[in-house]
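Trainee: Provided herewith is a single structure, encoded as C-alpha cells, for subsequent inquiry.
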Amino acid sequence: MNIGTITYRKYDERILLNWNFNVLELFDIILKDKDYVRFEIFDRNNNLLLSTHYLHVEQKGVYIKVVKVEKEKEITGITYDAFRTPSTIRRIKIRWNVNGRRFRTKKNALEYVYWENRKATLKIESFVDRR
C-alpha cells in the first residue's frame with residue numbers, strides 16, 4: 001500500500017491511500033490552505049512516485065499541478081458626466097487566469113480547470129489501493 005505525505009510549514013501529515021482516501025478533500029487542502037507546502041506519494045520502499053513539488057520529482061516520479069481560477073480586473077476607462085447619477089461610469093475588462101492561460105469567459109476557464117484537475121485526479125487514483 002502506498003503512503004501519501006502532506007507537508008505543511010511546521011509538520012508532515014501521513015495518509016494511507018486506501019479505499020477511504022478522498023481526492024476532493026486533498027484538492028481543497030492544496031488550493032485553500034495557507035500552510036500547505038507539497039503533497040507526495042511514496043511506495044513501501046520509500047521511493048517517490050508522485051509529487052506536487054517539481055524540484056523533488058526529477059526522473060523518479062510523476063509531477064502534478066492542481067489549478068484554480070483567478071479573476072483579473074482591468075479598468076479601461078472612466079467617463080465623467082456631472083448631470084448623471086452616478087456621475088462616473090467605469091469600463092472594466094475582466095479576464096480569468098488559469099495556470100498562465102487567460103480566458104475571456106468564466107465558463108471556458110472553469111471547463112479548463114475541470115479537465116486539468118481531472119488529469120491530476122486520474123494520476124493520483126492510479127496509486128490509490130481501492131480493494
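In the C-alpha cells, chains take letters A, B, ... by order of appearance, with residues numbered from 1 within each chain and ligands from 1 in the order shown.
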Neighbouring residues of segment 67-79 of chain A were defined as those with any atom within 9 Å, considering only C-alpha atoms; residues of the same chain fewer than 6 positions away were excluded. Please report them as number ranges by chain.

Mentor: A: 31, 87-99, 106, 109-110, 113-114, 116-117

Trainee: Each residue of segment 37-90 of chain A with at least one atom at most 6 Å from segment 5-17 of chain A should appear once, together with its nearest atom pair and the corresponding distance in Å (one decimal); atoms considered: only C-alpha atoms; ordering: chain, then increasing residue number; output as JSON lines.

Mentor:
{"residue": "A:Val37", "atom": "CA", "partner": "A:Tyr8", "partner_atom": "CA", "distance": 5.2}
{"residue": "A:Arg38", "atom": "CA", "partner": "A:Thr7", "partner_atom": "CA", "distance": 5.3}
{"residue": "A:Phe39", "atom": "CA", "partner": "A:Ile6", "partner_atom": "CA", "distance": 4.5}
{"residue": "A:Glu40", "atom": "CA", "partner": "A:Thr5", "partner_atom": "CA", "distance": 5.2}

Trainee: With C-alpha atoms retained, could you export that selection as a PDB file, in the first residue's frame?

Mentor:
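Okay, part_15.pdb is ready:
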ATOM      1  CA  VAL A  37       3.756  23.187   1.021  1.00  0.00           C
ATOM      2  CA  ARG A  38       3.575  19.939  -1.009  1.00  0.00           C
ATOM      3  CA  PHE A  39       1.932  16.515  -1.427  1.00  0.00           C
ATOM      4  CA  GLU A  40       3.950  13.385  -2.201  1.00  0.00           C
TER       5      GLU A  40
END

Trainee: If we count only C-alpha atoms, what is near Ser126 of chain A at a cut-off of 12 Å, once residues fewer than 2 positions away on the same chain are taken out, given as a PyMOL selection string?

Mentor: chain A and resi 1-2+17-18+23+41+49-50+62+119-124+128-130

Trainee: Taking the DSSP secondary structure from the backbone, can you list the residues of chain A that are strand (DSSP E or B), as a ChimeraX atom specification?

Mentor: /A:3-8,12-16,36-42,48-51,62-63,70-80,88-98,101-103

Trainee: Write out as a ChimeraX atom specification all residues of chain A that DSSP puts in alpha helix (DSSP H) for this structure's backbone.

Mentor: /A:23-32,54-57,106-125

Trainee: Write a file of the selected residues as a compact mmCIF listing (two decimals), in the first residue's frame, keeping C-alpha atoms.

Mentor:
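Here's the written file selection01.txt:
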# COMPACT_ATOMS: atom_id res chain seq x y z
CA VAL A 23 -9.16 13.28 -3.64
CA LEU A 24 -11.54 16.25 -3.42
CA GLU A 25 -10.54 16.92 0.19
CA LEU A 26 -6.90 16.78 -0.88
CA PHE A 27 -7.54 19.35 -3.64
CA ASP A 28 -9.34 21.56 -1.11
CA ILE A 29 -6.24 21.47 1.12
CA ILE A 30 -3.91 22.15 -1.80
CA LEU A 31 -5.87 25.14 -3.10
CA LYS A 32 -7.09 26.80 0.11
CA TYR A 54 8.64 19.96 -9.18
CA LEU A 55 12.15 20.05 -7.70
CA HIS A 56 11.73 16.68 -5.97
CA VAL A 57 10.40 14.77 -8.99
CA LYS A 106 -15.59 32.22 -16.73
CA LYS A 107 -17.33 29.23 -18.30
CA ASN A 108 -14.32 28.42 -20.50
CA ALA A 109 -11.93 28.91 -17.59
CA LEU A 110 -13.94 26.57 -15.34
CA GLU A 111 -14.07 23.96 -18.09
CA TYR A 112 -10.28 24.12 -18.47
CA VAL A 113 -9.85 23.83 -14.66
CA TYR A 114 -12.16 20.81 -14.61
CA TRP A 115 -10.15 18.94 -17.24
CA GLU A 116 -6.74 19.81 -15.76
CA ASN A 117 -7.82 18.73 -12.27
CA ARG A 118 -9.39 15.61 -13.77
CA LYS A 119 -5.99 14.65 -15.24
CA ALA A 120 -4.39 15.16 -11.81
CA THR A 121 -7.14 13.08 -10.18
CA LEU A 122 -6.58 10.18 -12.56
CA LYS A 123 -2.82 10.22 -11.87
CA ILE A 124 -3.43 10.18 -8.10
CA GLU A 125 -6.11 7.48 -8.36

Trainee: Nearest residue to Ile3 of chain A out of A:Trp19, A:Tyr63, A:Phe42, A:Tyr36, using only C-alpha atoms?

Mentor: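 Looking at the shortest contact to Ile3 of chain A, the residue is A:Phe42.
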